[in-house]
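These notes are about the structure you will find just below.
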Amino acid sequence: MPVQRTVLAVVHNVTAATRLFDVLPVVATDPRVQVLFSTPGSSAFPAGIAEYLAARGITVLPWKRALDLPVDLAISASLGGDLHEINAPLLVVPHGMGYNKYLARKPETGNRKPETGSPVFGLSAPWLVHDGRVVPSILVLSHAEQLDRLRIACPEAVGAARVAGDPCFDRILASLPLRESYRQAFGVAPGQRLIVISSTWGRYSLYGGNPNLIQTLARRLPVDSYRIAVALHPNITHGHSRWQVRNWLAQCARDGVLVLDDEDDWRPALVAADLIVGDHGSVTFYAAALGAPILLASAPAHTIDPRSPIAALLRAAPRFDEADPLGCVERTIAGHDPNRYAEITALTTSCPGEAAIRLRRACYELLELRPPTSAAPPVAALPTPTGRFVPPRATLVTVELGETSTERLCATVNRWPAGSVDTPELMPQDAHLVVDADGPLTGMLAMADIVVHRAPREADRDADRDADRWVARTLRALPGCLLALARDRDRDCWLLGTADGGRVRLRTRCRNAPVFASVLYAWLTAGHPIDALPTELLVRPALTQSSSDSLCWTATARAENPRVS
């Protein structure tokens, strides 16, 4: 292609890469412009960059080669490294909600850590000036309040500053009408509440300071009323490796927590969320700016510029109560005022919805090229999330039998992740254990009161299955188990059996079919015979304060071989 200008995208780490893709469309759609990618190798978190870019069809140039190429503009979403060596105008955009953190710079090792009294990242001379020269040609600020702090910290850089808004937040705002689309994509059912746990990186972050908090919350919230998603800063994932983080959070995943593995899924999760439990990271601030309720599980004020908007939010937001997680979550959702933080979050951007227009103007000014006659690309909606909730493989269940007639049995169930069997003080009274045979936890099968065999794998879906044979042989192998539930050949049909040959055929389109096994368990342990089971079962989850009463599951039941005493 006979391109007229070349742009170098400088990728310090995966976090910066995600923000560059909010900016690059303002020039990348122009056939006169070629965009190249390289990484300076100065970040303490270089892992994952090549994979992230390769997944998007991008080849990374070696840094030394990139410096030798004749480029017309460089764009970076971070600072540090050898940016001063680029022989072209440089435009720098934030890779978070403005510039807020103290961050010591040690470019000789790439080792950086938050320290009290360190320069504010992005607004101070150690980050902006090299050998007496301001490195960025244009330093993009999202709000004019950052300009006031820049005048104090690095007055020589004021001339390079340009208030151009926040393209990341613009995309989040533009995607708000897709809230229900994202909730369904994640697998959040009507009436359920989505809790997003967000952690920035470092020892003072939510996850760095209390890695057990996610598990604590998961085991204290009923699984039918709440869904929990975890968004960790990419520096955690790539600083320790995906494999390591996946192992650290393996038990949480088994408890039904969705660990957002895609670096871009945190934004649709934020739009879909009913509550965010976070820290001093940008995600928590963006959530507050959307009017969502927030709880702070970590608020290390000493790592933040006290004049910054995030510092103001840390002073104003309520703290997460680990001693009473459910009550804390319930009260926060029920009593939330969407305008509670409006005065603080007004500092998110000085020009909402205008970042793309302003950034395109700045880029073409530095490129010395007439902008396209077409309008700036519209703000792109966030992509559909890739993650989806998987139910816990083992649950503790309590059942309250309600109104009963010969035709109908009503019941209320409450379910929690069964990981708390190793924490007796957290176990609910009179609970029984339901274990999924397709992915059981070690040691759980021997303790199970009910074992469930769900649909076969996709490849085996048409295979002939004998549900009655599976029920009989499984109960024979697990003498302490009272009931076994297996999906039959018809995907809407389940067979529920007891060790002495009792069988109940269930027909339901409910994805939570094991709740009906729990109802039969309560029915039998209350002394009722299996052949007296009503033909219609209506089950509701025990509603929490912030849940909807729209959740209701129904099934028809037909007893076969009722030989249970």
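Going by the structure tokens order, chains are called A, B, ..., each with residues numbered from 1, while ligands are numbered from 1 in the order shown.
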
Which residues are close to segment 155-160 of chain A, i.e. within 9 Å by only C-alpha atoms, leaving aside same-chain residues fewer than 5 positions away? Reply as a PDB file with C-alpha atoms, in the first residue's frame.
ATOM      1  CA  LEU A 123       2.349  13.881  36.233  1.00  0.00           C
ATOM      2  CA  SER A 124       5.892  14.347  37.520  1.00  0.00           C
ATOM      3  CA  ALA A 125       9.317  15.182  36.075  1.00  0.00           C
ATOM      4  CA  LEU A 128       7.990  13.155  31.774  1.00  0.00           C
ATOM      5  CA  VAL A 129      11.423  14.783  31.456  1.00  0.00           C
ATOM      6  CA  ARG A 133      13.536  17.807  27.648  1.00  0.00           C
ATOM      7  CA  VAL A 134       9.834  16.991  28.009  1.00  0.00           C
ATOM      8  CA  VAL A 135       9.481  13.628  26.250  1.00  0.00           C
ATOM      9  CA  PRO A 136       5.800  13.592  25.163  1.00  0.00           C
ATOM     10  CA  SER A 137       4.850  15.939  22.357  1.00  0.00           C
ATOM     11  CA  ILE A 138       1.273  15.679  23.604  1.00  0.00           C
ATOM     12  CA  LEU A 139       0.417  14.373  27.070  1.00  0.00           C
ATOM     13  CA  VAL A 140      -3.263  13.445  27.047  1.00  0.00           C
ATOM     14  CA  LEU A 147      -3.680  19.900  34.532  1.00  0.00           C
ATOM     15  CA  LEU A 150       0.688  18.933  36.560  1.00  0.00           C
TER      16      LEU A 150
END

Item to check | strand (DSSP E) residues, from DSSP on the backbone, in segment 28-274 of chain A, as an NGL selection string | outcome: :A and (33-38 or 60-61 or 73-76 or 90-92 or 129-130 or 133-134 or 138-141 or 161-163 or 193-199 or 226-232 or 258-259)

Next on the checklist: Just want the 10 Å neighbourhood of Leu8 of chain A, counted on only C-alpha atoms, with same-chain residues fewer than 3 positions away dropped. Output as a PyMOL selection string.
Outcome noted: chain A and resi 11+34-39+61+66-67+69-76+86+88+90

Item to check | Which of A:Met97, A:Ala9, A:Leu290, A:Val452 sits closest to Leu83 of chain A [using only C-alpha atoms] | outcome: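 Going through A:Met97, A:Ala9, A:Leu290, A:Val452 one by one, the smallest distance to Leu83 of chain A is for A:Ala9.
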
Next on the checklist: as a PyMOL selection string, please: the residues near Asp255 of chain A (cut-off 10 Å, only C-alpha atoms, same-chain neighbours under 4 positions excluded).
Outcome noted: chain A and resi 215+218-219+223+228+249-251+390-395+416-420

Atoms to include: C-alpha atoms. Write the selected residues as a PDB file, in the first residue's frame.
ATOM      1  CA  GLN A 215     -13.321 -17.438  48.596  1.00  0.00           C
ATOM      2  CA  ALA A 218     -18.196 -16.936  47.477  1.00  0.00           C
ATOM      3  CA  ARG A 219     -18.953 -19.252  50.386  1.00  0.00           C
ATOM      4  CA  VAL A 223     -25.521 -19.286  44.675  1.00  0.00           C
ATOM      5  CA  ILE A 228     -19.456 -13.514  41.535  1.00  0.00           C
ATOM      6  CA  LEU A 249      -8.111 -19.454  42.172  1.00  0.00           C
ATOM      7  CA  ALA A 250      -8.983 -23.061  41.311  1.00  0.00           C
ATOM      8  CA  GLN A 251     -11.069 -23.594  44.451  1.00  0.00           C
ATOM      9  CA  VAL A 390     -20.309 -22.504  35.555  1.00  0.00           C
ATOM     10  CA  PRO A 391     -22.367 -23.697  38.553  1.00  0.00           C
ATOM     11  CA  PRO A 392     -20.484 -25.004  41.593  1.00  0.00           C
ATOM     12  CA  ARG A 393     -19.649 -28.695  41.288  1.00  0.00           C
ATOM     13  CA  ALA A 394     -20.752 -29.297  44.863  1.00  0.00           C
ATOM     14  CA  THR A 395     -23.350 -27.431  46.919  1.00  0.00           C
ATOM     15  CA  TRP A 416     -24.102 -22.410  48.922  1.00  0.00           C
ATOM     16  CA  PRO A 417     -20.794 -23.594  47.457  1.00  0.00           C
ATOM     17  CA  ALA A 418     -19.773 -26.725  49.329  1.00  0.00           C
ATOM     18  CA  GLY A 419     -16.179 -25.674  49.894  1.00  0.00           C
ATOM     19  CA  SER A 420     -17.215 -24.709  53.420  1.00  0.00           C
TER      20      SER A 420
END

Residue neighbourhood segment 29-31 of chain A, 8 Å, only C-alpha atoms, exclusion window fewer than 5 positions, as a compact mmCIF listing (two decimals) with N, CA, C and O atoms, in the first residue's frame:
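Output file result_20.txt follows:
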# COMPACT_ATOMS: atom_id res chain seq x y z
N MET A 1 0.85 -1.20 0.00
CA MET A 1 0.00 0.00 0.00
C MET A 1 0.88 1.25 0.00
O MET A 1 1.88 1.32 0.73
N VAL A 3 1.30 3.95 1.58
CA VAL A 3 0.96 4.73 2.77
C VAL A 3 1.78 6.02 2.81
O VAL A 3 2.92 6.07 2.32
N PRO A 372 -9.20 12.69 7.56
CA PRO A 372 -10.18 12.23 6.59
C PRO A 372 -11.42 13.13 6.61
O PRO A 372 -11.77 13.70 7.64

Checklist entry - Could you pull the residues within 8 Å of Ala411 of chain A, counting only C-alpha atoms, minus those fewer than 4 positions along the same chain, as a ChimeraX atom specification? => result /A:399-403,519,537-540

Once you have the residues from the selection above, write them out as a PDB file, in the first residue's frame, restricted to C-alpha atoms.
ATOM      1  CA  VAL A 399     -34.928 -27.123  51.925  1.00  0.00           C
ATOM      2  CA  GLU A 400     -38.108 -25.866  53.529  1.00  0.00           C
ATOM      3  CA  LEU A 401     -41.180 -27.800  52.430  1.00  0.00           C
ATOM      4  CA  GLY A 402     -44.175 -25.548  51.992  1.00  0.00           C
ATOM      5  CA  GLU A 403     -47.766 -25.862  50.835  1.00  0.00           C
ATOM      6  CA  VAL A 519     -36.748 -31.430  47.424  1.00  0.00           C
ATOM      7  CA  LEU A 537     -43.000 -29.527  41.997  1.00  0.00           C
ATOM      8  CA  LEU A 538     -42.613 -25.775  42.376  1.00  0.00           C
ATOM      9  CA  VAL A 539     -39.328 -24.569  43.863  1.00  0.00           C
ATOM     10  CA  ARG A 540     -38.119 -21.082  44.712  1.00  0.00           C
TER      11      ARG A 540
END

Next on the checklist: Please list as number ranges by chain every residue within 12 Å of Gln184 of chain A, counting only C-alpha atoms and excluding residues in the same chain fewer than 5 positions away.
Outcome noted: A: 178-179, 189-192, 194, 268-269, 272-273, 384-389

Checklist entry - Residues of segment 291-381 of chain A in helix (DSSP H, G or I) according to DSSP, as a PyMOL selection string? => result chain A and resi 301-303+309-316+325-334+342-345+355-367

Checklist entry - Hey, which of A:Arg227, A:His453, A:Arg509, A:Arg360 ends up closest to Pro25 of chain A? Count only C-alpha atoms. => result A:Arg360

Checklist entry - To one decimal place, how far is atom CA of Val277 of chain A from atom CA of Val435 of chain A in Å? => result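 Calculated distance between atom CA of Val277 of chain A and atom CA of Val435 of chain A is 29.2 Å.
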
Checklist entry - So how many Å separate atom CA of Arg361 of chain A and atom CA of Gly98 of chain A, to one decimal? => result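 Spanning atom CA of Arg361 of chain A to atom CA of Gly98 of chain A is a straight-line distance of 20.0 Å.
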
Next on the checklist: So the first atom is atom CA of Pro529 of chain A and the second is atom CA of Ala486 of chain A; what is the distance between them in Å, to one decimal place?
Outcome noted: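 Distance between the two atoms: 20.9 Å.
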
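Closest approach to Gly41 of chain A among A:Gln146, A:Ser118, A:Asn13, A:Thr398: A:Asn13, based on only C-alpha atoms.
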